$ cat target27.txt   # compact mmCIF, C-alpha atoms
# COMPACT_ATOMS: atom_id res chain seq x y z
CA MET A 1 61.92 73.15 104.03
CA LYS A 2 59.33 70.53 104.98
CA TRP A 3 61.58 67.83 103.51
CA PHE A 4 64.12 68.53 106.26
CA THR A 5 61.80 68.61 109.28
CA ALA A 6 63.77 68.00 112.49
CA ASN A 7 63.01 68.65 116.15
CA SER A 8 65.99 67.18 117.99
CA ILE A 9 69.62 66.16 117.69
CA PHE A 10 68.50 62.63 116.84
CA ASP A 11 66.67 63.91 113.77
CA THR A 12 69.83 65.77 112.81
CA ILE A 13 72.06 62.68 112.74
CA ARG A 14 69.39 60.42 111.23
CA PRO A 15 70.44 60.72 107.52
CA VAL A 16 74.12 59.88 108.09
CA TYR A 17 73.27 57.21 110.66
CA ARG A 18 70.88 55.41 108.31
CA ALA A 19 73.37 55.55 105.45
CA GLY A 20 76.00 54.03 107.75
CA LYS A 21 73.59 51.38 109.01
CA THR A 22 72.74 50.38 105.43
CA ILE A 23 76.35 49.46 104.63
CA GLY A 24 77.05 47.86 108.01
CA ILE A 25 78.98 50.56 109.86
CA PHE A 26 76.48 50.50 112.71
CA THR A 27 75.03 47.19 113.89
CA HIS A 28 72.60 48.71 116.40
CA THR A 29 69.30 50.50 116.00
CA ILE A 30 68.32 53.95 117.26
CA ASP A 31 64.61 54.35 117.98
CA PHE A 32 64.05 57.92 116.78
CA GLN A 33 60.63 58.06 118.39
CA LYS A 34 61.63 57.01 121.91
CA HIS A 35 65.29 58.09 121.63
CA GLU A 36 66.51 54.69 122.74
CA LEU A 37 69.25 52.32 121.60
CA ILE A 38 68.12 48.77 120.82
CA LYS A 39 69.47 45.67 119.11
CA THR A 40 67.34 43.61 116.75
CA PRO A 41 67.83 40.29 114.90
CA ILE A 42 68.42 42.31 111.73
CA ASP A 43 71.36 44.01 113.49
CA GLN A 44 72.86 40.60 114.28
CA LEU A 45 72.45 39.58 110.64
CA MET A 46 74.06 42.82 109.45
CA LEU A 47 76.99 42.18 111.80
CA VAL A 48 77.60 38.74 110.31
CA LEU A 49 77.25 39.99 106.73
CA ALA A 50 79.60 42.92 107.35
CA VAL A 51 82.25 40.66 108.89
CA MET A 52 81.97 38.18 106.02
CA THR A 53 82.24 40.99 103.46
CA ASP A 54 85.36 42.45 105.03
CA VAL A 55 86.96 39.01 105.40
CA TYR A 56 86.21 38.31 101.73
CA ALA A 57 87.77 41.67 100.80
CA LEU A 58 90.93 40.85 102.75
CA LYS A 59 91.08 37.39 101.17
CA THR A 60 90.67 38.88 97.72
CA SER A 61 93.34 41.52 98.26
CA SER A 62 95.80 38.91 99.53
CA LYS A 63 95.34 36.76 96.43
CA ASN A 64 95.48 39.51 93.82
CA SER A 65 98.59 41.52 93.04
CA PHE A 66 97.79 45.08 91.97
CA ALA A 67 100.58 45.89 89.51
CA ILE A 68 99.63 49.39 88.39
CA SER A 69 103.16 50.48 87.49
CA ASP A 70 106.67 49.26 86.81
CA SER A 71 107.72 50.74 90.16
CA ILE A 72 107.81 48.12 92.90
CA LEU A 73 107.75 50.85 95.54
CA LEU A 74 104.53 52.32 94.12
CA ASN A 75 102.83 48.94 93.75
CA VAL A 76 103.65 47.93 97.31
CA GLY A 77 102.49 51.31 98.67
CA ILE A 78 99.12 51.29 96.89
CA TYR A 79 98.54 47.61 97.69
CA SER A 80 99.35 48.15 101.37
CA SER A 81 97.05 51.18 101.57
CA VAL A 82 94.15 49.30 99.97
CA SER A 83 94.65 46.29 102.26
CA LEU A 84 94.83 48.60 105.27
CA GLY A 85 91.55 50.16 104.14
CA PHE A 86 89.84 46.75 104.25
CA ILE A 87 91.24 46.08 107.72
CA ILE A 88 90.05 49.49 108.91
CA SER A 89 86.59 48.82 107.48
CA LEU A 90 86.37 45.71 109.66
CA ALA A 91 87.84 47.48 112.71
CA ILE A 92 85.42 50.41 112.47
CA MET A 93 82.38 48.15 112.45
CA LEU A 94 83.58 45.98 115.36
CA TYR A 95 84.68 48.91 117.52
CA ASN A 96 81.42 50.76 116.89
CA ARG A 97 79.67 47.65 118.13
CA LEU A 98 81.65 47.78 121.39
CA VAL A 99 81.14 51.49 122.09
CA ALA A 100 77.59 51.81 120.74
CA ARG A 101 76.07 52.58 124.14
CA ARG A 102 78.59 55.28 124.99
CA MET A 103 78.41 56.73 121.48
CA PHE A 104 74.64 56.98 121.85
CA GLY A 105 75.19 58.71 125.20
CA ILE A 106 76.91 61.59 123.38
CA PHE A 107 73.70 62.52 121.58
CA THR A 108 71.60 61.94 124.70
CA ALA A 109 73.78 64.48 126.51
CA LEU A 110 73.48 66.93 123.61
CA GLU A 111 69.69 66.55 123.75
CA GLN A 112 69.80 67.49 127.45
CA VAL A 113 71.97 70.49 126.60
CA ASP A 114 69.40 71.61 124.02
CA VAL A 115 66.71 71.57 126.73
CA LEU A 116 68.87 73.64 129.09
CA LEU A 117 69.76 76.14 126.37
CA LEU A 118 66.08 76.44 125.47
CA SER A 119 65.30 77.33 129.09
CA HIS A 120 67.64 80.31 128.63
CA GLY A 121 65.95 81.37 125.41
CA TYR A 122 68.33 79.80 122.88
CA ARG A 123 66.78 77.42 120.34
CA MET A 124 68.93 75.19 118.15
CA ASN A 125 68.14 75.29 114.45
CA HIS A 126 67.60 71.54 114.06
CA GLN A 127 66.08 71.98 110.62
CA PHE A 128 69.19 73.60 109.19
CA ASN A 129 71.44 71.09 110.97
CA HIS A 130 69.40 68.28 109.44
CA LEU A 131 69.94 69.79 105.99
CA VAL A 132 73.69 69.94 106.63
CA SER A 133 73.61 66.31 107.75
CA CYS A 134 71.84 65.37 104.50
CA CYS A 135 74.62 67.11 102.56
CA PHE A 136 77.25 65.20 104.54
CA MET A 137 75.38 61.99 103.71
CA ALA A 138 74.79 62.69 100.01
CA THR A 139 78.28 63.94 99.14
CA PRO A 140 80.21 60.68 99.78
CA LEU A 141 77.49 58.62 98.10
CA ILE A 142 77.52 60.71 94.93
CA VAL A 143 81.32 60.99 94.79
CA ASN A 144 81.88 57.27 95.33
CA PHE A 145 79.33 56.15 92.76
CA VAL A 146 80.61 58.63 90.17
CA MET A 147 84.19 57.51 90.75
CA MET A 148 83.14 53.85 90.57
CA ILE A 149 81.44 54.39 87.20
CA ILE A 150 84.42 56.32 85.83
CA THR A 151 87.03 53.89 87.15
CA PHE A 152 85.40 50.54 86.39
CA PHE A 153 83.08 51.22 83.45
CA ILE A 154 84.18 54.29 81.47
CA ASP A 155 87.88 54.96 81.87
CA GLN A 156 88.98 51.35 82.30
CA ASP A 157 92.54 50.25 82.94
CA PRO A 158 94.11 46.79 83.18
CA VAL A 159 93.67 46.66 86.96
CA SER A 160 89.97 47.55 86.95
CA GLU A 161 89.25 45.23 84.02
CA SER A 162 90.67 42.28 85.96
CA LEU A 163 88.27 42.75 88.90
CA THR A 164 85.03 40.81 89.12
CA LEU A 165 81.69 42.30 90.17
CA PRO A 166 81.90 41.03 93.81
CA GLU A 167 85.40 42.50 94.10
CA ILE A 168 84.17 45.85 92.76
CA LEU A 169 81.30 45.84 95.28
CA VAL A 170 83.54 45.13 98.29
CA PHE A 171 85.92 47.87 97.15
CA LEU A 172 82.98 50.27 96.85
CA ARG A 173 81.71 49.31 100.31
CA SER A 174 85.14 49.86 101.86
CA SER A 175 85.31 53.31 100.30
CA LEU A 176 81.78 54.10 101.48
CA VAL A 177 82.60 52.96 105.02
CA PHE A 178 85.54 55.35 105.04
CA THR A 179 83.70 58.38 103.68
CA ILE A 180 80.31 57.92 105.41
CA PHE A 181 81.86 57.27 108.80
CA GLY A 182 83.99 60.34 108.21
CA SER A 183 80.80 62.31 107.57
CA TYR A 184 79.23 60.87 110.73
CA THR A 185 82.31 61.94 112.69
CA CYS A 186 82.13 65.49 111.29
CA VAL A 187 78.39 65.75 112.02
CA SER A 188 79.05 64.70 115.62
CA LEU A 189 81.81 67.28 116.03
CA CYS A 190 79.67 69.99 114.42
CA SER A 191 76.86 69.18 116.87
CA ILE A 192 79.21 69.63 119.83
CA TYR A 193 80.64 72.83 118.35
CA LEU A 194 77.20 74.37 117.80
CA ARG A 195 76.20 73.72 121.43
CA PHE A 196 79.37 75.34 122.74
CA ARG A 197 78.74 78.33 120.50
CA GLY A 198 75.15 78.51 121.70
CA LEU A 199 76.31 78.46 125.32
CA ASN A 200 78.75 81.31 124.68
CA GLU A 201 76.02 83.35 123.00
CA VAL A 202 73.65 82.78 125.92
CA ILE A 203 76.30 83.90 128.42
CA SER A 204 76.97 87.02 126.34
CA ASP A 205 73.23 87.79 126.30
CA HIS A 206 72.87 87.37 130.06
CA PHE A 207 75.99 89.19 131.20
CA PRO A 208 78.04 92.15 129.91
CA THR A 209 81.10 91.05 127.95
CA SER A 210 82.28 94.46 126.71
CA LEU A 211 82.31 98.11 127.71
CA MET A 212 79.36 98.76 125.39
CA ALA A 213 77.10 96.26 127.19
CA GLU A 214 75.74 98.67 129.86
CA PRO A 215 76.99 96.61 132.83
CA ILE A 216 74.83 98.29 135.48
CA GLN A 217 71.48 97.62 133.80
CA LYS A 218 72.46 94.18 132.56
CA ALA A 219 74.02 92.85 135.75
CA ILE A 220 72.03 94.53 138.50
CA GLY A 221 68.66 94.42 136.84
CA LYS A 222 68.17 90.83 138.03
CA GLU A 223 67.80 89.32 141.46
CA ALA A 224 70.92 87.78 142.94
CA SER A 225 69.30 84.33 143.29
CA ALA A 226 68.31 84.28 139.59
CA VAL A 227 71.83 85.27 138.53
CA VAL A 228 73.40 82.59 140.75
CA SER A 229 71.01 80.01 139.31
CA SER A 230 71.95 81.04 135.78
CA VAL A 231 75.67 80.80 136.50
CA ARG A 232 75.21 77.32 137.96
CA SER A 233 73.20 76.29 134.93
CA PHE A 234 75.94 77.52 132.60
CA GLY A 235 78.47 75.48 134.55
CA ASP A 236 76.26 72.40 134.23
CA ILE A 237 75.88 72.89 130.48
CA HIS A 238 79.62 73.34 130.01
CA GLU A 239 80.36 70.22 132.05
CA LYS A 240 77.94 68.15 129.96
CA LEU A 241 79.53 69.41 126.74
CA CYS A 242 83.02 68.67 128.07
CA ASP A 243 81.86 65.14 128.86
CA THR A 244 80.70 64.76 125.26
CA ILE A 245 84.22 65.65 124.06
CA VAL A 246 85.70 63.06 126.42
CA ASP A 247 83.20 60.46 125.18
CA PHE A 248 83.88 61.44 121.59
CA ASN A 249 87.60 60.88 122.05
CA TYR A 250 86.87 57.49 123.60
CA CYS A 251 84.41 56.37 120.91
CA PHE A 252 85.97 57.84 117.77
CA ALA A 253 89.70 58.28 118.43
CA LEU A 254 90.83 54.79 117.39
CA GLN A 255 88.84 54.80 114.15
CA ILE A 256 90.02 58.31 113.27
CA LEU A 257 93.65 57.38 113.92
CA LEU A 258 93.44 54.33 111.66
CA MET A 259 91.56 56.22 108.95
CA MET A 260 94.08 59.04 109.01
CA ALA A 261 96.94 56.55 108.63
CA SER A 262 95.23 54.94 105.64
CA ALA A 263 94.29 58.30 104.08
CA PHE A 264 97.81 59.66 104.51
CA GLY A 265 99.42 56.55 103.02
CA TYR A 266 97.09 56.36 100.03
CA THR A 267 97.43 60.08 99.29
CA LEU A 268 101.20 59.88 99.62
CA PHE A 269 101.58 57.05 97.13
CA SER A 270 98.96 58.58 94.81
CA ILE A 271 101.03 61.77 94.53
CA PHE A 272 104.19 59.74 94.08
CA GLY A 273 102.46 57.60 91.44
CA LEU A 274 101.36 60.67 89.50
CA ILE A 275 104.91 62.07 89.51
CA HIS A 276 106.31 58.69 88.49
CA THR A 277 103.80 58.33 85.64
CA LEU A 278 104.27 61.83 84.23
CA SER A 279 107.99 61.20 83.98
CA GLN A 280 107.48 58.27 81.62
CA ALA A 281 106.14 57.73 78.13
CA GLN A 282 103.89 54.83 79.15
CA ASP A 283 100.11 55.21 79.11
CA GLU A 284 99.45 54.90 82.84
CA GLN A 285 98.13 58.37 83.47
CA ARG A 286 94.48 57.28 83.73
CA THR A 287 95.19 54.96 86.64
CA SER A 288 97.36 57.55 88.35
CA MET A 289 94.74 60.25 87.96
CA ASN A 290 92.03 57.97 89.38
CA ASN A 291 94.25 57.14 92.34
CA MET A 292 94.94 60.83 92.81
CA VAL A 293 91.22 61.64 92.93
CA TYR A 294 90.66 58.90 95.51
CA GLY A 295 93.63 60.26 97.45
CA CYS A 296 92.10 63.73 97.50
CA ILE A 297 88.80 62.27 98.72
CA PHE A 298 90.56 60.51 101.59
CA LEU A 299 92.71 63.57 102.33
CA SER A 300 89.55 65.69 102.62
CA PHE A 301 88.56 63.50 105.58
CA ILE A 302 91.65 64.61 107.50
CA ILE A 303 90.93 68.26 106.71
CA GLN A 304 87.26 68.03 107.71
CA VAL A 305 87.91 66.28 111.01
CA VAL A 306 90.74 68.61 111.99
CA VAL A 307 88.74 71.74 111.10
CA THR A 308 85.57 70.67 112.96
CA GLY A 309 87.58 69.34 115.91
CA SER A 310 89.57 72.56 116.13
CA LEU A 311 86.39 74.66 116.06
CA ALA A 312 84.84 72.59 118.87
CA THR A 313 87.99 72.91 120.99
CA GLN A 314 88.18 76.67 120.39
CA GLU A 315 84.56 77.21 121.43
CA CYS A 316 85.14 75.09 124.54
CA LYS A 317 88.07 77.30 125.56
CA LYS A 318 86.19 80.44 124.55
CA THR A 319 83.64 79.85 127.31
CA GLY A 320 86.29 80.65 129.90
CA VAL A 321 87.13 83.88 128.06
CA VAL A 322 83.47 84.91 127.94
CA ILE A 323 83.00 84.19 131.66
CA HIS A 324 86.04 86.25 132.62
CA LYS A 325 84.81 89.12 130.44
CA ALA A 326 81.48 88.95 132.27
CA ILE A 327 83.34 89.18 135.58
CA CYS A 328 85.43 92.14 134.42
CA TYR A 329 82.65 94.22 132.86
CA GLY A 330 79.82 93.44 135.27
CA ILE A 331 78.88 94.80 138.69
CA TYR A 332 77.76 92.08 141.08
CA ASP A 333 77.21 91.47 144.78
CA GLU A 334 79.27 89.07 146.89
CA HIS A 335 77.16 85.94 146.25
CA ILE A 336 77.31 86.34 142.47
CA ARG A 337 81.05 87.00 142.45
CA LYS A 338 81.60 83.91 144.55
CA GLN A 339 79.57 81.79 142.12
CA PHE A 340 81.54 83.20 139.19
CA LYS A 341 84.73 82.23 141.02
CA PHE A 342 83.53 78.65 141.36
CA LEU A 343 82.63 78.55 137.67
CA SER A 344 86.02 79.99 136.72
CA GLN A 345 87.76 77.24 138.70
CA GLN A 346 85.59 74.62 137.01
CA LEU A 347 86.45 75.93 133.54
CA ARG A 348 90.13 75.99 134.41
CA GLY A 349 90.05 72.36 135.57
CA THR A 350 87.92 70.97 132.71
CA SER A 351 89.06 71.98 129.26
CA PRO A 352 89.23 68.84 127.09
CA THR A 353 90.59 68.81 123.56
CA VAL A 354 89.32 66.84 120.59
CA SER A 355 92.07 64.36 119.73
CA CYS A 356 92.81 60.97 118.18
CA LEU A 357 95.03 59.45 120.91
CA LEU A 358 98.29 60.75 119.40
CA PHE A 359 97.38 64.21 118.05
CA ASP A 360 95.20 67.08 119.17
CA PHE A 361 93.00 68.48 116.43
CA GLU A 362 94.34 72.00 116.19
CA TRP A 363 95.05 74.20 113.16
CA PRO A 364 98.85 73.60 113.31
CA PHE A 365 98.15 69.89 112.79
CA LEU A 366 97.12 70.60 109.18
CA VAL A 367 100.44 72.32 108.57
CA ALA A 368 102.26 69.35 110.09
CA VAL A 369 100.34 66.93 107.83
CA ALA A 370 101.10 68.99 104.71
CA ALA A 371 104.79 69.29 105.62
CA SER A 372 105.05 65.57 106.37
CA LEU A 373 103.32 64.73 103.09
CA VAL A 374 105.72 66.86 101.05
CA MET A 375 108.74 65.46 102.88
CA HIS A 376 107.74 61.83 102.29
CA VAL A 377 106.95 62.51 98.62
CA VAL A 378 110.46 63.93 98.19
CA ILE A 379 111.92 60.86 99.89
CA LEU A 380 109.97 58.48 97.64
CA VAL A 381 110.99 60.39 94.52
CA GLN A 382 114.62 60.16 95.58
CA PHE A 383 114.28 56.39 95.99
CA ASP A 384 112.83 56.21 92.49
CA LEU A 385 115.19 58.79 91.01
CA ALA A 386 117.38 56.28 89.21
CA ASN A 387 114.40 54.72 87.45
CA ILE A 388 112.96 58.13 86.51
CA ALA A 389 116.32 59.30 85.10
CA LYS A 390 116.38 56.38 82.69
CA LYS A 391 112.97 57.28 81.28
CA VAL A 392 113.41 61.05 80.93
$ encode --input "target27.txt" --output "structure tokens"
Amino acid sequence: MKWFTANSIFDTIRPVYRAGKTIGIFTHTIDFQKHELIKTPIDQLMLVLAVMTDVYALKTSSKNSFAISDSILLNVGIYSSVSLGFIISLAIMLYNRLVARRMFGIFTALEQVDVLLLSHGYRMNHQFNHLVSCCFMATPLIVNFVMMIITFFIDQDPVSESLTLPEILVFLRSSLVFTIFGSYTCVSLCSIYLRFRGLNEVISDHFPTSLMAEPIQKAIGKEASAVVSSVRSFGDIHEKLCDTIVDFNYCFALQILLMMASAFGYTLFSIFGLIHTLSQAQDEQRTSMNNMVYGCIFLSFIIQVVVTGSLATQECKKTGVVIHKAICYGIYDEHIRKQFKFLSQQLRGTSPTVSCLLFDFEWPFLVAVAASLVMHVVILVQFDLANIAKKV
């Protein structure tokens, strides 16, 4: 796998970062040789171009009326979701500019964690992580370009035929900003999750965590000073990883919240539009199906972020479980037990959760999103029931 050579966390995020930088999501430069964050004149130019592009997109959307159906409710919903997407595209770029230094600090901390884990004999598989990052980068690019070709060049409809080439390009960029930044978010969460999992595996290798772990040989076979040093090191690693979750919430929460609102709204009206279209004899199914595919793409962002965020939170909490198993199944002297007690208190006091300001990313959140989506679809269908009854 020489094509996916990687030696650090910075090499892992490089594919998604460069894809985002190309379309103006990031207006700063990461030096992958020195692992430093710098700003160049090209970054300033990209900032201006990105702002002008998003302003042009908003101006275009305000002038054009996207009448894709005879339902006013559906037209307003799709139009509002598209306009919100352009606003979010601008907000993501500007906010990333403000928190660039702290966002870069997340990966600096993860690099330090990799060094500490390596000192305990655990090596991160950066090569495989780099391959996963490439997949996260390639998937939105391929999907967006395929959908653009199908929507605007093959399966044309009156709305797509009325758009000019610059309008198609700004729409494509807005969609790419959404999907690529979503991939960057998932790669960041996966990186945090893998370090927490590595920490838990290292603790399980150093200390007994079950009755089958031979507690006497595993716990007493080391000097007390070495064990105390290891416990302190584990506490330091866990604290650094908890800080990355706090920084992640600070740097990504606002963008995720806005993107989730846009994705939920577009998916909601896409489902409603498909139901509305299938109930009529008019030939609007192509537009509805295209909207539905885009809705599924945006909905997948919510699922990916919630799943990766939930996994990271679970591994963070699992560290406390592993430590308490080590205390229960091991035999230690007074100094080691005292150090374990300090670590237990630290884990109890620092247990952050991946969130987006309003919601914690836990598995029940997916159920809540699905239930809310179904409920709002039913409400919209009821509003449109009189119109549907006339066409059936």
$ closest_residue --input "target27.txt" --among "A:Phe10, A:Leu165, A:Gly121, A:Arg18" --to "Gln33 (chain A)" --atoms "all atoms listed in the file"
A:Phe10
$ residues_around --input "target27.txt" --residues "region 177-187 of chain A" --least-positions-apart "5" --cutoff "9 Å" --atoms "all atoms listed in the file" --output "PyMOL selection string"
chain A and resi 12-13+16-17+19-20+23-25+85+88-89+92-93+129+132-133+136-137+139-141+144+172+192+252+256+259+297-298+301-302+304-305+308-309
$ residues_around --input "target27.txt" --residues "region 287-295 of chain A" --least-positions-apart "4" --cutoff "8 Å" --atoms "only C-alpha atoms" --output "PyMOL selection string"
chain A and resi 68+147+151+157+263+266-268+270-271+273-274+277+299
$ closest_residue --input "target27.txt" --among "A:Met260, A:Val146, A:Ala57, A:Leu110" --to "Leu163 (chain A)" --atoms "only C-alpha atoms"
A:Ala57
$ residues_around --input "target27.txt" --residues "His35 (chain A)" --least-positions-apart "5" --cutoff "10 Å" --atoms "all atoms listed in the file" --output "ChimeraX atom specification"
/A:8-11,30,104,107-108,111
$ atom_distance --input "target27.txt" --atom1 "CA of Arg123 (chain A)" --atom2 "CA of Gln314 (chain A)"
21.4 Å
$ closest_residue --input "target27.txt" --among "A:Ala91, A:Ser233, A:Ile78, A:Leu116" --to "Leu254 (chain A)" --atoms "all atoms listed in the file"
A:Ala91
$ closest_residue --input "target27.txt" --among "A:Leu117, A:Leu189, A:Leu37, A:Ala224" --to "Glu334 (chain A)" --atoms "only C-alpha atoms"
A:Ala224
$ atom_distance --input "target27.txt" --atom1 "CA of Phe248 (chain A)" --atom2 "CA of Asn96 (chain A)"
11.9 Å
$ residues_near_point --input "target27.txt" --point "(92.8, 72.8, 118.9)" --cutoff "7 Å" --atoms "all atoms listed in the file" --output "number ranges by chain"
A: 309-310, 313-314, 353, 360-363
$ closest_atom_pairs --input "target27.txt" --of "region 180-265 of chain A" --to "region 370-379 of chain A" --cutoff "12 Å" --atoms "all atoms listed in the file" --output "tab-separated table"
residue	atom	partner	partner_atom	distance
A:Ala261	CA	A:Leu373	CA	11.8
A:Ala263	CA	A:Leu373	CA	11.1
A:Phe264	CA	A:Leu373	CA	7.6
A:Gly265	CA	A:Leu373	CA	9.1
$ closest_residue --input "target27.txt" --among "A:Ile106, A:Leu118, A:Val113, A:Leu176" --to "Lys21 (chain A)" --atoms "all atoms listed in the file"
A:Leu176
$ residues_around --input "target27.txt" --residues "Arg102 (chain A)" --least-positions-apart "5" --cutoff "9 Å" --atoms "only C-alpha atoms" --output "ChimeraX atom specification"
/A:247-248,250-251
$ axis_aligned_box --input "target27.txt" --around "region 371-374 of chain A" --padding-each-side "6 Å" --output "AutoDock Vina command-line options"
--center_x 104.5 --center_y 67.0 --center_z 103.7 --size_x 14.4 --size_y 16.6 --size_z 17.3
$ closest_residue --input "target27.txt" --among "A:Tyr332, A:Phe359, A:Tyr193, A:Phe32" --to "Val227 (chain A)" --atoms "only C-alpha atoms"
A:Tyr332
$ atom_distance --input "target27.txt" --atom1 "CA of Cys190 (chain A)" --atom2 "CA of Glu239 (chain A)"
17.6 Å
$ decode --input "target27.txt" --residues "region 42-62 of chain A" --atoms "N, CA and C atoms" --output "PDB file, in the first residue's frame"
ATOM      1  N   ILE A  42      -2.053  33.075  -0.822  1.00  0.00           N
ATOM      2  CA  ILE A  42      -3.043  32.268  -1.549  1.00  0.00           C
ATOM      3  C   ILE A  42      -4.260  32.001  -0.660  1.00  0.00           C
ATOM      4  N   ASP A  43      -4.016  31.809   0.644  1.00  0.00           N
ATOM      5  CA  ASP A  43      -5.135  31.609   1.577  1.00  0.00           C
ATOM      6  C   ASP A  43      -6.034  32.845   1.624  1.00  0.00           C
ATOM      7  N   GLN A  44      -5.431  34.019   1.617  1.00  0.00           N
ATOM      8  CA  GLN A  44      -6.224  35.258   1.616  1.00  0.00           C
ATOM      9  C   GLN A  44      -7.051  35.363   0.337  1.00  0.00           C
ATOM     10  N   LEU A  45      -6.448  34.986  -0.787  1.00  0.00           N
ATOM     11  CA  LEU A  45      -7.170  35.016  -2.056  1.00  0.00           C
ATOM     12  C   LEU A  45      -8.317  34.016  -2.058  1.00  0.00           C
ATOM     13  N   MET A  46      -8.080  32.814  -1.517  1.00  0.00           N
ATOM     14  CA  MET A  46      -9.126  31.807  -1.437  1.00  0.00           C
ATOM     15  C   MET A  46     -10.275  32.273  -0.547  1.00  0.00           C
ATOM     16  N   LEU A  47      -9.949  32.993   0.523  1.00  0.00           N
ATOM     17  CA  LEU A  47     -10.984  33.526   1.402  1.00  0.00           C
ATOM     18  C   LEU A  47     -11.888  34.496   0.652  1.00  0.00           C
ATOM     19  N   VAL A  48     -11.291  35.396  -0.104  1.00  0.00           N
ATOM     20  CA  VAL A  48     -12.073  36.376  -0.867  1.00  0.00           C
ATOM     21  C   VAL A  48     -12.927  35.684  -1.925  1.00  0.00           C
ATOM     22  N   LEU A  49     -12.332  34.733  -2.645  1.00  0.00           N
ATOM     23  CA  LEU A  49     -13.074  34.026  -3.695  1.00  0.00           C
ATOM     24  C   LEU A  49     -14.234  33.219  -3.112  1.00  0.00           C
ATOM     25  N   ALA A  50     -13.991  32.570  -1.965  1.00  0.00           N
ATOM     26  CA  ALA A  50     -15.047  31.768  -1.345  1.00  0.00           C
ATOM     27  C   ALA A  50     -16.208  32.649  -0.887  1.00  0.00           C
ATOM     28  N   VAL A  51     -15.885  33.803  -0.299  1.00  0.00           N
ATOM     29  CA  VAL A  51     -16.936  34.722   0.141  1.00  0.00           C
ATOM     30  C   VAL A  51     -17.731  35.237  -1.057  1.00  0.00           C
ATOM     31  N   MET A  52     -17.035  35.610  -2.124  1.00  0.00           N
ATOM     32  CA  MET A  52     -17.714  36.114  -3.319  1.00  0.00           C
ATOM     33  C   MET A  52     -18.599  35.035  -3.944  1.00  0.00           C
ATOM     34  N   THR A  53     -18.121  33.796  -3.945  1.00  0.00           N
ATOM     35  CA  THR A  53     -18.916  32.703  -4.511  1.00  0.00           C
ATOM     36  C   THR A  53     -20.191  32.473  -3.720  1.00  0.00           C
ATOM     37  N   ASP A  54     -20.073  32.463  -2.394  1.00  0.00           N
ATOM     38  CA  ASP A  54     -21.260  32.233  -1.564  1.00  0.00           C
ATOM     39  C   ASP A  54     -22.235  33.402  -1.653  1.00  0.00           C
ATOM     40  N   VAL A  55     -21.706  34.628  -1.716  1.00  0.00           N
ATOM     41  CA  VAL A  55     -22.589  35.792  -1.868  1.00  0.00           C
ATOM     42  C   VAL A  55     -23.313  35.735  -3.210  1.00  0.00           C
ATOM     43  N   TYR A  56     -22.597  35.337  -4.264  1.00  0.00           N
ATOM     44  CA  TYR A  56     -23.228  35.188  -5.575  1.00  0.00           C
ATOM     45  C   TYR A  56     -24.315  34.111  -5.541  1.00  0.00           C
ATOM     46  N   ALA A  57     -24.041  33.008  -4.826  1.00  0.00           N
ATOM     47  CA  ALA A  57     -25.040  31.944  -4.713  1.00  0.00           C
ATOM     48  C   ALA A  57     -26.288  32.436  -3.997  1.00  0.00           C
ATOM     49  N   LEU A  58     -26.113  33.203  -2.919  1.00  0.00           N
ATOM     50  CA  LEU A  58     -27.266  33.746  -2.202  1.00  0.00           C
ATOM     51  C   LEU A  58     -28.045  34.735  -3.076  1.00  0.00           C
ATOM     52  N   LYS A  59     -27.309  35.562  -3.826  1.00  0.00           N
ATOM     53  CA  LYS A  59     -27.960  36.519  -4.710  1.00  0.00           C
ATOM     54  C   LYS A  59     -28.754  35.807  -5.793  1.00  0.00           C
ATOM     55  N   THR A  60     -28.168  34.738  -6.337  1.00  0.00           N
ATOM     56  CA  THR A  60     -28.850  33.974  -7.371  1.00  0.00           C
ATOM     57  C   THR A  60     -30.102  33.295  -6.836  1.00  0.00           C
ATOM     58  N   SER A  61     -29.999  32.702  -5.658  1.00  0.00           N
ATOM     59  CA  SER A  61     -31.155  32.009  -5.079  1.00  0.00           C
ATOM     60  C   SER A  61     -32.280  32.970  -4.709  1.00  0.00           C
ATOM     61  N   SER A  62     -31.921  34.208  -4.367  1.00  0.00           N
ATOM     62  CA  SER A  62     -32.959  35.188  -4.015  1.00  0.00           C
ATOM     63  C   SER A  62     -33.698  35.706  -5.239  1.00  0.00           C
TER      64      SER A  62
END
